[in-house]
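This report concerns only the one structure given below.
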Amino acid sequence: MKLKLKVWRQEDAQDKGGFQNYDVEGIDGDMSFLEMLDVLNNNLVNEGVDPVEFDHDCREGICGSCSLQINGEPHGPDRRITTCQLHMRKFKDGDEIVIEPFRATAFPVIKDLVIDRSAFDRIQHAGGYISVNTSGNTQDANSIPIEKEKADDAFYAATCIGCGACVAACKNASAMLFTSAKVSQFALLPQGEIEAHERVLEMVHQMDKEGFGHCTNTGACEIECPKGISLENIARMNREYLSASVAG
Amino acid sequence: MSVLESKIPEGPIEKKWTKHKNEINLVNPANKRNIDIIVVGTGLAGGSAAATFAELGYNVKTFCYQDSPRRAHSIAAQGGINASKNYQGDGDSDYRLFYDTVKGGDYRSREANVYRLAEVSSNIIDQCVAQGVPFAREYGGLLDNRSFGGVLVSRTFYAKGQTGQQLLLGAYSAMNRQINRGKIQTFNRHEMMDLVLVDGKARGIIARNLVSGEIERHSAHAVVLASGGYGNVFYLSTNAMGSNVMAAWRAHKKGAFFANPCFTQIHPTCIPVSGDLQSKLTLMSESLRNDGRIWVPKHEKDAKAIRGGKLKPTEIDENDRDYYLERRYPAFGNLVPRDVASRAAKERCDEGYGVNKTGQAVYLDFKAAIERYGKEKAFTSGHKNPSKEEIIKLGEEVVESKYGNLFEMYEKITDQNPYKTPMMIFPAVHYTMGGLWVDYNLMTTVPGCFAAGEANFSDHGANRLGASALMQGLADGYFVLPYTIGDYLADDIRTGPISTETEEFETTEKAVKDRIQKMFDAKGKNPVDYYHKKLGKIMWDKCGMSRNEKELREAMEEIKELREDFWKNVRITGKAETKNAELEKAGRVADFLELGELFAKDALERNESCGGHFREEYQTEDGEALRDDENFKFVSAWEYVGNPRDAKLHKEQLEFENIELKTRSYK
């Protein structure tokens, strides 16, 4: 197929940036969206033009590097996948595709489609851990049985890949889904309970400091999340936050 | 005598590690505060090492090319992590895990290292659970296990198909705690460009800030390379797009010997190649072989009809299918080790029984498992006379609970529903057992430069068993390096900070800058990918699943020519002083173009078949690998002397005192 691409180009963080139009052809339905961008970039290099910069690494939907707002949707039109797993069979010959970086104040553009998501890292630094030494002198792994259902819920929360689609989908650019997934993983496990209060206060505090917006319960984050992280996590974090605040 | 000193402690194998820990030097906590360590790579090995060093009190700087340490490619490991917990009571022990790993590696790994790995494996699970890693559990609340290839027990711990992700996030959480304490400084979107030696010791690195393009100097008392494997030398692999050999190769050129470069793992269950513009291959976890049955049509005419789109796999009668692994290897069946399964798939496809348009695929079928689980589920839920549809529905639910995310991933990529039609799979490059040569302390031949995880060569011999990479990465980082690095650093308590304003840093930085300039200066006509793809094709065709002398010689020649052409005709757009993905790729491909030649040379010189290294000249009558213990029971450690083809071979003879060398049989 032949496609018309409208791609956001921006030299660096200071540059204002704008859209550029490109045509690509010879695109096959079995190609991934990023392989389609590889074709574009190969053409650009051959023409001596700087290729479009975009983040990507594992190309199997788990590292969370890839982002992209495709026709207004984080990770494109399909559900429960990342951009690298989006295949061109979702598009038709002659389609126009608008490709932008994820937009949020807390995610400044570095170049073209590459954004700075270090705000997420700082939220994790603030409390995304259990304070145990890595000495290996811990108790036997089976000494604390954990209800399967709780362990499974903790796992589902922990499958967040930190891509930032939740923020990009949210009209307030809120990071509640991301932060709550991390808070939930630990809050659901007996190992995480001990520091639960401190953790939620610290992480929420950092989240606010980074300039993410507030949550108004529209639920767009859950719909666009490539891993299907549930809104229940936000409810759980609110509960945790409240009880931590009351406890002081 | 050889210059290689493995430093394996004396004594019985089960006492070696304890004895060694008791005897090596320690650094007192007050002195640790004055010592800096650089860790390159933040996957399981690097992340866990960085966290533990920091916790012990050292000052740590981590480097990764990704935008966050949490995105290192360990994250993509699916199936699980081995440990000799024997929670299932099926006869597992440290010895059995040790034995299986040495045998699985086709007797080309170092006994003492592997035993230590088995010994600390249980600690890893305890550690991870304490960190909040949500492993799969049974209804009674205890940890669940599954089985992987090449073993007869269930010792694999897992978190659905995302075990690597959960373990890496665990290691990253341990890092977070230390970052928050100010003990780890992270340099993300940074790439190590070279190793800096002062008085023969590793004392720092030159790194490129991938955002600003700035070339930076960083010093430390020791440098740990945990930068992963070099599978991307094949262009198409299951590695991440950015995975590269730069850190290890730069160290190699500075004196670190490179061991067994030709030992590569071709993983049997990956999604087949679909087109010429494909950039990356996707693995389907080995855990699927617990329940999936691998087959091709028994009759060539059926295979042809399938390739032509005239026949569907579901239309082929049970009797007309060839479950070739079950046929050839009745004892292990579909759970033979990876090298054996991959070669068997290639054999069938070469004989014309392959499915898929390209003829380069075999089936992985879940029909039998769905029926078996469906019946079981119906029975346990008191359903006495379930209909076939009900059985299938229940069975699909069970299979979904076990492998749901993998099935979903398969469907997204191929647009086919694996619950209804068998998956198509084919072998793909996945892991490299070879890597920097290290002694028992995980130190390379450059003093102060350590290598951990996939970046070193030490534990997997000529073939790695499933669920062992995660185990090794975390063992090296959490439980081995934190001890052994202290032994080395004990001599550095009076050294004081290492200055970067020295001639050594100056010269190395200049060399790095010159190399970048040289790439831009080529001003040629071919994009970097052009070279990478060509190199990949040479590697796959001539250094892939089976190798022979003639083709290996050709490969060496072709790679050399390609490399020379690269430096004359590569075209890099943009500038060095900004974010520039083409430049990043160019630096990595330039190193692959050197490593590839050494790889072929190593394969050429190893006149035997073992593990993932299959030389056509050395096989048994029924096509199994023919090892030559008399002449090749050694580690090939290559010293860089100029051109890859001139590399000097040093042999570390392997001693087997606890395991009898046998022909590896899975029949």
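Residue names in the structure tokens use chain letters A, B, ... in the order shown, residue numbers from 1 in each chain, and ligand numbers from 1 in the order shown.
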Residues of chain B no more than 6 Å from chain A, counting only C-alpha atoms: send them over as a tab-separated table (two decimals) with C-alpha atoms, in the first residue's frame.
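The result, stored in out-v9.tsv:
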chain	number	residue	atom	x	y	z
B	52	THR	CA	23.99	-4.56	45.72
B	71	ARG	CA	13.93	-1.16	29.72
B	123	ASN	CA	18.71	-17.49	47.28
B	126	ASP	CA	13.99	-15.90	48.31
B	127	GLN	CA	15.44	-12.53	47.42
B	129	VAL	CA	9.93	-12.79	46.75
B	131	GLN	CA	11.39	-7.68	46.96
B	134	PRO	CA	4.80	-11.52	42.03
B	137	ARG	CA	1.30	-19.24	42.93
B	139	TYR	CA	-4.25	-22.06	45.26
B	141	GLY	CA	-0.62	-19.73	48.34
B	142	LEU	CA	2.75	-21.36	47.67
B	173	SER	CA	13.21	-1.47	42.52
B	176	ASN	CA	15.45	2.73	43.08
B	180	ASN	CA	16.85	7.51	46.36
B	240	ALA	CA	16.23	-5.73	21.18
B	241	MET	CA	17.03	-3.40	18.30
B	242	GLY	CA	19.66	-1.63	20.36
B	573	THR	CA	23.14	11.71	8.13
B	574	GLY	CA	22.86	14.46	10.72
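Residues with any atom within 8 Å of region 233-236 of chain A, counting only C-alpha atoms and excluding same-chain neighbours fewer than 4 positions away, are A:Ala157, A:Met176, A:Leu177, A:Ser180, A:Ala181, A:Ser184, A:Ile229, A:Glu240.
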May I have the residues from that selection written out with C-alpha atoms, as a compact mmCIF listing (two decimals), in the first residue's frame?
# COMPACT_ATOMS: atom_id res chain seq x y z
CA ALA A 157 -0.60 -4.32 38.33
CA MET A 176 -2.48 8.18 38.25
CA LEU A 177 -2.74 4.88 36.39
CA SER A 180 -1.26 3.44 41.18
CA ALA A 181 -0.12 0.29 39.39
CA SER A 184 -0.94 -1.52 44.08
CA ILE A 229 -3.93 -1.96 33.65
CA GLU A 240 -4.19 3.79 50.42
### Query
Neighbours of region 587-593 of chain B within 10 Å (only C-alpha atoms; same-chain residues fewer than 6 positions away dropped), as an MDAnalysis selection string?
chainID B and resid 193 230:235 242:250 515:516 519 528:529 531:533 535:536 559:564 566:567 599 644
Can you write out the residues you just picked, keeping N, CA and C atoms, as an mmCIF file, in the first residue's frame?
data_model
loop_
_atom_site.group_PDB
_atom_site.id
_atom_site.type_symbol
_atom_site.label_atom_id
_atom_site.label_comp_id
_atom_site.auth_asym_id
_atom_site.auth_seq_id
_atom_site.Cartn_x
_atom_site.Cartn_y
_atom_site.Cartn_z
ATOM 1 N N MET B 193 31.580 3.989 24.950
ATOM 2 C CA MET B 193 32.275 3.967 23.659
ATOM 3 C C MET B 193 33.650 3.335 23.761
ATOM 4 N N TYR B 230 25.551 -10.687 21.924
ATOM 5 C CA TYR B 230 25.827 -10.100 20.614
ATOM 6 C C TYR B 230 25.011 -10.763 19.500
ATOM 7 N N GLY B 231 23.822 -11.283 19.863
ATOM 8 C CA GLY B 231 22.981 -11.971 18.872
ATOM 9 C C GLY B 231 22.640 -11.104 17.673
ATOM 10 N N ASN B 232 22.673 -9.789 17.857
ATOM 11 C CA ASN B 232 22.324 -8.897 16.745
ATOM 12 C C ASN B 232 23.368 -8.874 15.635
ATOM 13 N N VAL B 233 24.471 -9.606 15.820
ATOM 14 C CA VAL B 233 25.417 -9.738 14.713
ATOM 15 C C VAL B 233 24.709 -10.432 13.540
ATOM 16 N N PHE B 234 23.615 -11.151 13.851
ATOM 17 C CA PHE B 234 22.836 -11.838 12.819
ATOM 18 C C PHE B 234 21.761 -10.926 12.203
ATOM 19 N N TYR B 235 21.736 -9.672 12.552
ATOM 20 C CA TYR B 235 20.713 -8.695 12.185
ATOM 21 C C TYR B 235 19.344 -9.118 12.705
ATOM 22 N N GLY B 242 18.447 -2.312 19.933
ATOM 23 C CA GLY B 242 19.664 -1.626 20.361
ATOM 24 C C GLY B 242 20.721 -2.541 20.959
ATOM 25 N N SER B 243 20.384 -3.800 21.218
ATOM 26 C CA SER B 243 21.354 -4.709 21.847
ATOM 27 C C SER B 243 22.620 -4.740 21.008
ATOM 28 N N ASN B 244 23.758 -4.649 21.653
ATOM 29 C CA ASN B 244 24.997 -4.546 20.875
ATOM 30 C C ASN B 244 26.190 -5.058 21.658
ATOM 31 N N VAL B 245 27.296 -5.160 20.960
ATOM 32 C CA VAL B 245 28.491 -5.756 21.568
ATOM 33 C C VAL B 245 29.549 -4.695 21.872
ATOM 34 N N MET B 246 29.171 -3.416 21.729
ATOM 35 C CA MET B 246 30.187 -2.375 21.791
ATOM 36 C C MET B 246 31.021 -2.417 23.070
ATOM 37 N N ALA B 247 30.367 -2.453 24.221
ATOM 38 C CA ALA B 247 31.122 -2.414 25.476
ATOM 39 C C ALA B 247 32.086 -3.591 25.560
ATOM 40 N N ALA B 248 31.586 -4.787 25.268
ATOM 41 C CA ALA B 248 32.429 -5.975 25.368
ATOM 42 C C ALA B 248 33.538 -5.950 24.314
ATOM 43 N N TRP B 249 33.188 -5.503 23.121
ATOM 44 C CA TRP B 249 34.181 -5.510 22.045
ATOM 45 C C TRP B 249 35.274 -4.473 22.273
ATOM 46 N N ARG B 250 34.872 -3.314 22.801
ATOM 47 C CA ARG B 250 35.869 -2.276 23.119
ATOM 48 C C ARG B 250 36.834 -2.810 24.182
ATOM 49 N N ARG B 515 37.078 8.203 15.666
ATOM 50 C CA ARG B 515 36.332 7.111 15.048
ATOM 51 C C ARG B 515 34.972 7.618 14.551
ATOM 52 N N ILE B 516 34.332 8.447 15.364
ATOM 53 C CA ILE B 516 33.042 9.007 14.961
ATOM 54 C C ILE B 516 33.225 9.862 13.708
ATOM 55 N N MET B 519 33.587 7.913 10.539
ATOM 56 C CA MET B 519 32.325 7.391 10.006
ATOM 57 C C MET B 519 31.606 8.461 9.187
ATOM 58 N N VAL B 528 23.396 2.578 7.166
ATOM 59 C CA VAL B 528 23.975 1.588 8.078
ATOM 60 C C VAL B 528 23.255 0.244 7.971
ATOM 61 N N ASP B 529 21.930 0.295 7.859
ATOM 62 C CA ASP B 529 21.161 -0.952 7.806
ATOM 63 C C ASP B 529 21.558 -1.845 6.631
ATOM 64 N N TYR B 531 24.472 -2.435 5.591
ATOM 65 C CA TYR B 531 25.587 -3.288 6.024
ATOM 66 C C TYR B 531 25.147 -4.316 7.057
ATOM 67 N N HIS B 532 24.284 -3.855 7.935
ATOM 68 C CA HIS B 532 23.851 -4.761 9.006
ATOM 69 C C HIS B 532 23.098 -5.961 8.412
ATOM 70 N N LYS B 533 22.227 -5.672 7.448
ATOM 71 C CA LYS B 533 21.465 -6.754 6.817
ATOM 72 C C LYS B 533 22.379 -7.712 6.060
ATOM 73 N N LEU B 535 25.545 -8.296 6.624
ATOM 74 C CA LEU B 535 26.304 -9.068 7.606
ATOM 75 C C LEU B 535 25.425 -10.175 8.171
ATOM 76 N N GLY B 536 24.192 -9.826 8.506
ATOM 77 C CA GLY B 536 23.267 -10.807 9.073
ATOM 78 C C GLY B 536 23.062 -11.986 8.145
ATOM 79 N N ILE B 559 32.998 -11.102 5.265
ATOM 80 C CA ILE B 559 32.818 -10.115 6.347
ATOM 81 C C ILE B 559 33.930 -9.070 6.288
ATOM 82 N N LYS B 560 35.126 -9.535 6.008
ATOM 83 C CA LYS B 560 36.255 -8.601 5.917
ATOM 84 C C LYS B 560 35.996 -7.576 4.803
ATOM 85 N N GLU B 561 35.561 -8.087 3.649
ATOM 86 C CA GLU B 561 35.283 -7.175 2.532
ATOM 87 C C GLU B 561 34.169 -6.188 2.874
ATOM 88 N N LEU B 562 33.148 -6.721 3.515
ATOM 89 C CA LEU B 562 32.014 -5.871 3.876
ATOM 90 C C LEU B 562 32.458 -4.772 4.847
ATOM 91 N N ARG B 563 33.331 -5.152 5.763
ATOM 92 C CA ARG B 563 33.814 -4.175 6.746
ATOM 93 C C ARG B 563 34.613 -3.070 6.059
ATOM 94 N N GLU B 564 35.448 -3.480 5.122
ATOM 95 C CA GLU B 564 36.246 -2.474 4.418
ATOM 96 C C GLU B 564 35.340 -1.531 3.627
ATOM 97 N N PHE B 566 32.270 -0.831 4.377
ATOM 98 C CA PHE B 566 31.563 0.003 5.351
ATOM 99 C C PHE B 566 32.331 1.299 5.619
ATOM 100 N N TRP B 567 33.608 1.158 5.906
ATOM 101 C CA TRP B 567 34.387 2.349 6.265
ATOM 102 C C TRP B 567 34.598 3.297 5.082
ATOM 103 N N PHE B 599 34.009 -14.588 15.109
ATOM 104 C CA PHE B 599 32.982 -15.617 15.304
ATOM 105 C C PHE B 599 33.224 -16.760 14.311
ATOM 106 N N PRO B 644 40.697 -9.140 13.353
ATOM 107 C CA PRO B 644 40.010 -10.265 13.997
ATOM 108 C C PRO B 644 40.573 -11.617 13.546
#
### Message
For the structure I just gave you, how does DSSP split region 540-666 of chain B - specifically, which residues are helix (DSSP H, G or I)? Reply as a count of residues only.
### Response
57
### Task
Could you jot down the CA of Met1 (chain A) to CA of Phe33 (chain A) separation for me, Å, one decimal place?
12.9 Å
### Message
Can you tell me which residues surround Glu655 (chain B) at a distance of at most 10 Å, considering only C-alpha atoms, apart from same-chain residues fewer than 4 positions away, and format the answer as number ranges by chain?
### Response
B: 107-112, 633-634, 659
### Query
Could you pull out the strand (DSSP E) residues of region 427-544 of chain B from DSSP and send them as a count of residues only?
11
### Message
What's the separation between CA of Val198 (chain B) and CA of Met175 (chain B), in Å to one decimal place?
### Response
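Taking CA of Val198 (chain B) and CA of Met175 (chain B), their separation equals 28.8 Å.
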### Selection near Thr179 (chain A), 8 Å with only C-alpha atoms, sequence-local residues under 4 positions removed, as a list in words
Ile123, Ala175, Val183, Met203, Val204 and Met207 of chain A
Okay, now the selection with C-alpha atoms, as a PDB file, in the first residue's frame?
ATOM      1  CA  ILE A 123       8.241   8.594  40.823  1.00  0.00           C
ATOM      2  CA  ALA A 175      -0.065   9.815  35.825  1.00  0.00           C
ATOM      3  CA  VAL A 183       1.570   1.316  44.535  1.00  0.00           C
ATOM      4  CA  MET A 203       5.113   8.491  45.271  1.00  0.00           C
ATOM      5  CA  VAL A 204       2.025  10.674  45.026  1.00  0.00           C
ATOM      6  CA  MET A 207       3.940  12.594  40.921  1.00  0.00           C
TER       7      MET A 207
END
### Message
Can you tell me which residues surround Val336 (chain B) at a distance of at most 6 Å, considering only C-alpha atoms, apart from same-chain residues fewer than 4 positions away, and format the answer as a list in words?
### Response
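So the residues in contact are Gly149, Gly150 and Phe332 of chain B.
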### Residues near Thr314 (chain B), cut-off 10 Å, only C-alpha atoms, skip fewer than 6 positions along chain, as a list of chain:residue names
B:Asp365, B:Lys367, B:Lys420, B:Thr421, B:Pro422
### Task
Measure the distance from CA of Ser458 (chain B) to CA of Glu605 (chain B) in Å and round it to one decimal.
19.8 Å
